[in-house]
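Asker: The structure's right below; bear with me while I get my questions together.
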Amino acid sequence: VLLSIGMLALGIPSRADTGHPRMVWMLLTFLLIGVAFMCVEVPLVQRYIQFFGDPVAATAFVLATLLISSGVGSTLIDQIPEKVMPLALFGAILSIAMMAACNLLLTDLVKSIVMDSGWRFVLLVFSVAPLGVAMGMPFPILVKHLGDDKTNLVSLAWAVNGTASVVGAVGGTLLAVFSGFRMVMFIAVGTYILAYLCFVVAIRRHEAQSCHGAK
(Lines give C-alpha, C1' and ligand atoms only; values in the text may rest on other atoms or scores of the structure.)
Protein backbone atom coordinates (compact mmCIF):
# COMPACT_ATOMS: atom_id res chain seq x y z
CA VAL A 1 0.00 0.00 0.00
CA LEU A 2 2.72 2.46 0.99
CA LEU A 3 4.69 1.60 -2.16
CA SER A 4 1.65 2.25 -4.37
CA ILE A 5 0.94 5.58 -2.70
CA GLY A 6 4.61 6.59 -2.84
CA MET A 7 4.96 5.84 -6.55
CA LEU A 8 1.76 7.75 -7.29
CA ALA A 9 2.92 10.73 -5.24
CA LEU A 10 6.18 10.81 -7.18
CA GLY A 11 4.49 10.50 -10.55
CA ILE A 12 1.69 13.06 -10.28
CA PRO A 13 3.80 16.22 -9.89
CA SER A 14 5.85 15.39 -12.99
CA ARG A 15 2.86 14.59 -15.22
CA ALA A 16 0.03 16.73 -13.92
CA ASP A 17 -1.03 19.97 -15.49
CA THR A 18 -1.85 21.85 -12.31
CA GLY A 19 -3.37 24.71 -14.27
CA HIS A 20 -6.02 22.50 -15.81
CA PRO A 21 -9.39 23.48 -14.27
CA ARG A 22 -10.74 19.95 -13.76
CA MET A 23 -7.51 18.11 -12.98
CA VAL A 24 -7.82 17.81 -9.20
CA TRP A 25 -11.54 17.10 -9.19
CA MET A 26 -11.35 14.42 -11.88
CA LEU A 27 -8.45 12.67 -10.17
CA LEU A 28 -10.37 12.78 -6.90
CA THR A 29 -13.36 11.23 -8.68
CA PHE A 30 -11.23 8.37 -10.01
CA LEU A 31 -9.72 7.90 -6.55
CA LEU A 32 -13.13 7.67 -4.90
CA ILE A 33 -14.63 5.18 -7.36
CA GLY A 34 -11.58 2.95 -6.94
CA VAL A 35 -11.98 2.94 -3.17
CA ALA A 36 -15.74 2.50 -3.41
CA PHE A 37 -15.49 -0.48 -5.78
CA MET A 38 -13.26 -2.38 -3.38
CA CYS A 39 -15.37 -1.40 -0.37
CA VAL A 40 -18.35 -3.03 -2.08
CA GLU A 41 -16.36 -6.09 -3.13
CA VAL A 42 -14.93 -6.86 0.32
CA PRO A 43 -18.33 -7.09 2.14
CA LEU A 44 -19.83 -9.06 -0.75
CA VAL A 45 -17.13 -11.71 -0.46
CA GLN A 46 -17.56 -11.90 3.30
CA ARG A 47 -21.36 -12.15 3.12
CA TYR A 48 -21.27 -14.98 0.62
CA ILE A 49 -18.59 -16.83 2.56
CA GLN A 50 -21.11 -16.92 5.41
CA PHE A 51 -23.83 -17.92 2.98
CA PHE A 52 -21.89 -20.82 1.42
CA GLY A 53 -19.71 -21.84 4.32
CA ASP A 54 -16.82 -22.45 1.90
CA PRO A 55 -14.36 -19.50 1.78
CA VAL A 56 -12.49 -20.64 -1.33
CA ALA A 57 -15.55 -21.39 -3.47
CA ALA A 58 -17.44 -18.29 -2.30
CA THR A 59 -14.50 -15.96 -2.96
CA ALA A 60 -13.84 -17.46 -6.39
CA PHE A 61 -17.46 -17.28 -7.51
CA VAL A 62 -18.08 -13.77 -6.14
CA LEU A 63 -14.94 -12.34 -7.76
CA ALA A 64 -15.53 -14.13 -11.06
CA THR A 65 -19.16 -13.01 -11.24
CA LEU A 66 -18.33 -9.46 -10.23
CA LEU A 67 -15.43 -9.03 -12.66
CA ILE A 68 -17.20 -10.61 -15.65
CA SER A 69 -20.36 -8.58 -15.09
CA SER A 70 -18.30 -5.41 -14.57
CA GLY A 71 -16.73 -6.03 -17.96
CA VAL A 72 -20.20 -6.31 -19.48
CA GLY A 73 -21.17 -3.02 -17.85
CA SER A 74 -18.06 -1.35 -19.28
CA THR A 75 -18.93 -2.42 -22.84
CA LEU A 76 -22.39 -0.88 -22.54
CA ILE A 77 -20.87 2.59 -22.19
CA ASP A 78 -20.05 2.70 -25.91
CA GLN A 79 -23.77 3.13 -26.60
CA ILE A 80 -24.13 6.22 -24.38
CA PRO A 81 -23.82 9.69 -26.00
CA GLU A 82 -21.27 12.06 -24.52
CA LYS A 83 -23.84 14.70 -23.53
CA VAL A 84 -25.70 12.35 -21.17
CA MET A 85 -22.59 11.09 -19.37
CA PRO A 86 -23.38 12.90 -16.06
CA LEU A 87 -26.88 11.41 -16.09
CA ALA A 88 -25.49 7.97 -16.94
CA LEU A 89 -23.05 8.18 -14.03
CA PHE A 90 -25.84 9.23 -11.69
CA GLY A 91 -27.96 6.30 -12.87
CA ALA A 92 -25.09 3.84 -12.40
CA ILE A 93 -24.39 5.04 -8.86
CA LEU A 94 -28.08 5.00 -7.94
CA SER A 95 -28.28 1.42 -9.25
CA ILE A 96 -25.21 0.44 -7.23
CA ALA A 97 -26.75 1.86 -4.05
CA MET A 98 -30.07 0.09 -4.58
CA MET A 99 -28.58 -3.28 -5.55
CA ALA A 100 -26.00 -3.21 -2.74
CA ALA A 101 -28.84 -2.75 -0.27
CA CYS A 102 -30.79 -5.57 -1.94
CA ASN A 103 -27.77 -7.89 -1.63
CA LEU A 104 -27.51 -7.20 2.09
CA LEU A 105 -31.20 -7.92 2.59
CA LEU A 106 -31.17 -10.97 0.34
CA THR A 107 -28.28 -12.70 2.10
CA ASP A 108 -29.93 -11.99 5.46
CA LEU A 109 -33.24 -13.46 4.28
CA VAL A 110 -31.97 -16.64 2.63
CA LYS A 111 -29.09 -17.43 5.00
CA SER A 112 -31.35 -19.58 7.15
CA ILE A 113 -33.09 -21.30 4.22
CA VAL A 114 -31.95 -24.84 3.53
CA MET A 115 -30.87 -25.28 -0.10
CA ASP A 116 -28.14 -27.19 -1.87
CA SER A 117 -24.94 -25.51 -3.04
CA GLY A 118 -25.99 -25.50 -6.70
CA TRP A 119 -29.00 -23.30 -6.03
CA ARG A 120 -26.88 -21.09 -3.80
CA PHE A 121 -24.48 -20.46 -6.68
CA VAL A 122 -27.39 -19.66 -9.00
CA LEU A 123 -28.70 -17.19 -6.44
CA LEU A 124 -25.22 -15.65 -6.17
CA VAL A 125 -24.98 -15.08 -9.92
CA PHE A 126 -28.43 -13.51 -10.22
CA SER A 127 -27.88 -11.24 -7.21
CA VAL A 128 -24.26 -10.18 -7.81
CA ALA A 129 -24.18 -9.92 -11.62
CA PRO A 130 -26.59 -6.93 -11.91
CA LEU A 131 -24.60 -5.12 -9.23
CA GLY A 132 -21.38 -5.90 -11.11
CA VAL A 133 -22.81 -4.48 -14.34
CA ALA A 134 -23.58 -1.19 -12.59
CA MET A 135 -20.18 -1.14 -10.85
CA GLY A 136 -18.43 -1.58 -14.20
CA MET A 137 -19.92 1.64 -15.59
CA PRO A 138 -18.48 4.59 -13.60
CA PHE A 139 -14.83 4.18 -14.64
CA PRO A 140 -15.42 3.95 -18.44
CA ILE A 141 -17.97 6.76 -18.20
CA LEU A 142 -15.31 9.01 -16.69
CA VAL A 143 -12.65 7.92 -19.19
CA LYS A 144 -15.04 8.51 -22.10
CA HIS A 145 -15.87 11.93 -20.70
CA LEU A 146 -12.19 12.86 -20.82
CA GLY A 147 -12.10 11.89 -24.51
CA ASP A 148 -8.91 13.01 -26.24
CA ASP A 149 -7.68 15.06 -23.28
CA LYS A 150 -4.12 16.26 -23.90
CA THR A 151 -3.07 16.89 -20.28
CA ASN A 152 -1.99 13.37 -19.22
CA LEU A 153 -5.23 13.19 -17.26
CA VAL A 154 -6.26 9.79 -18.63
CA SER A 155 -2.97 8.10 -17.74
CA LEU A 156 -3.00 9.72 -14.30
CA ALA A 157 -6.60 8.60 -13.83
CA TRP A 158 -5.61 4.98 -14.43
CA ALA A 159 -2.77 5.31 -11.91
CA VAL A 160 -4.94 6.96 -9.27
CA ASN A 161 -7.73 4.42 -9.70
CA GLY A 162 -5.33 1.49 -9.49
CA THR A 163 -3.76 2.85 -6.31
CA ALA A 164 -7.20 3.47 -4.85
CA SER A 165 -8.14 -0.16 -5.49
CA VAL A 166 -5.16 -1.34 -3.45
CA VAL A 167 -5.88 1.10 -0.64
CA GLY A 168 -9.61 0.35 -0.75
CA ALA A 169 -9.14 -3.40 -0.42
CA VAL A 170 -6.85 -3.07 2.61
CA GLY A 171 -8.74 -0.17 4.15
CA GLY A 172 -12.12 -1.83 3.67
CA THR A 173 -10.93 -4.99 5.40
CA LEU A 174 -9.44 -3.07 8.33
CA LEU A 175 -12.54 -0.91 8.65
CA ALA A 176 -14.72 -4.01 8.69
CA VAL A 177 -12.78 -5.36 11.68
CA PHE A 178 -13.79 -2.34 13.76
CA SER A 179 -17.15 -1.34 12.24
CA GLY A 180 -18.54 -4.44 10.54
CA PHE A 181 -18.99 -5.32 6.88
CA ARG A 182 -22.44 -3.74 6.70
CA MET A 183 -20.95 -0.37 7.66
CA VAL A 184 -18.25 -0.78 5.00
CA MET A 185 -20.98 -1.28 2.39
CA PHE A 186 -22.75 1.90 3.52
CA ILE A 187 -19.46 3.79 3.37
CA ALA A 188 -18.88 2.46 -0.15
CA VAL A 189 -22.25 3.79 -1.32
CA GLY A 190 -21.50 7.16 0.29
CA THR A 191 -18.12 7.21 -1.45
CA TYR A 192 -19.78 6.60 -4.82
CA ILE A 193 -22.14 9.52 -4.16
CA LEU A 194 -19.21 11.74 -3.20
CA ALA A 195 -17.45 10.71 -6.41
CA TYR A 196 -20.45 11.84 -8.43
CA LEU A 197 -20.45 15.23 -6.70
CA CYS A 198 -16.74 15.65 -7.50
CA PHE A 199 -17.50 14.79 -11.13
CA VAL A 200 -20.20 17.48 -11.27
CA VAL A 201 -17.76 20.04 -9.83
CA ALA A 202 -15.14 19.02 -12.42
CA ILE A 203 -17.63 19.51 -15.27
CA ARG A 204 -18.70 22.92 -14.03
CA ARG A 205 -15.12 24.11 -13.59
CA HIS A 206 -14.28 22.92 -17.07
CA GLU A 207 -17.34 24.67 -18.54
CA ALA A 208 -16.50 27.87 -16.65
CA GLN A 209 -12.95 27.75 -18.00
CA SER A 210 -14.23 27.17 -21.53
CA CYS A 211 -16.61 30.11 -21.30
CA HIS A 212 -13.83 32.32 -19.94
CA GLY A 213 -11.53 31.24 -22.78
CA ALA A 214 -14.21 31.98 -25.38
CA LYS A 215 -14.46 35.55 -24.13
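Identifiers in the C-alpha coordinates: chain A, B, ... in order shown; residue index from 1 per chain; ligand index from 1 in order shown.
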List the spatial neighbours of stretch 197-200 of chain A as a PyMOL selection string - criterion: any atom at most 9 Å away, only C-alpha atoms, same-chain residues fewer than 3 positions off excluded.

Answerer: chain A and resi 22+25-26+28-29+86+142+192-194+203-205

Asker: Restricting the calculation to only C-alpha atoms, which member of A:Val42, A:Ile141, A:Ala97, A:Leu175 is positioned closest to A:Leu76?

Answerer: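 Between A:Val42, A:Ile141, A:Ala97, A:Leu175, the residue approaching A:Leu76 most closely is A:Ile141.
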
Asker: Show me, as a count of residues only, the residues that have an atom within 12 Å of A:Pro140 when counting only C-alpha atoms, minus same-chain residues fewer than 3 positions from it.

Answerer: 32

Asker: Using only C-alpha atoms, can you tell me which of A:Gln46, A:Thr173, A:Thr59, A:Ser95 comes closest to A:Pro138?

Answerer: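 Comparing A:Gln46, A:Thr173, A:Thr59, A:Ser95 against A:Pro138, the winner is A:Ser95.
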
Asker: Could you pull the residues within 9 Å of A:Gly168, counting only C-alpha atoms, minus those fewer than 4 positions along the same chain, as a PyMOL selection string?

Answerer: chain A and resi 34-39+163-164+172-173

Asker: Using only C-alpha atoms, pick whichever of A:Ala202, A:Val84, A:Ala169, A:Phe126 has the shortest atom-to-atom distance to A:Val45.

Answerer: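 Nearest to A:Val45: A:Ala169.
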
Asker: Using only C-alpha atoms for the distances, tell me which of A:Gly180, A:Pro130, A:Gly171, A:Gly162 is nearest to A:Leu31.

Answerer: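 Result for the nearest residue to A:Leu31: A:Gly162.
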
Asker: Tell me which of A:Ser69, A:Ile49, A:Val160, A:Val177 sits closest to A:Val125, counting only C-alpha atoms.

Answerer: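 Distance minimum relative to A:Val125 lands on A:Ser69.
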
Asker: Could you tell me how far atom CA of A:Ser179 lies from atom CA of A:Tyr48, in Å and to one decimal?

Answerer: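 Atom-to-atom, atom CA of A:Ser179 and atom CA of A:Tyr48 are spaced 18.4 Å apart.
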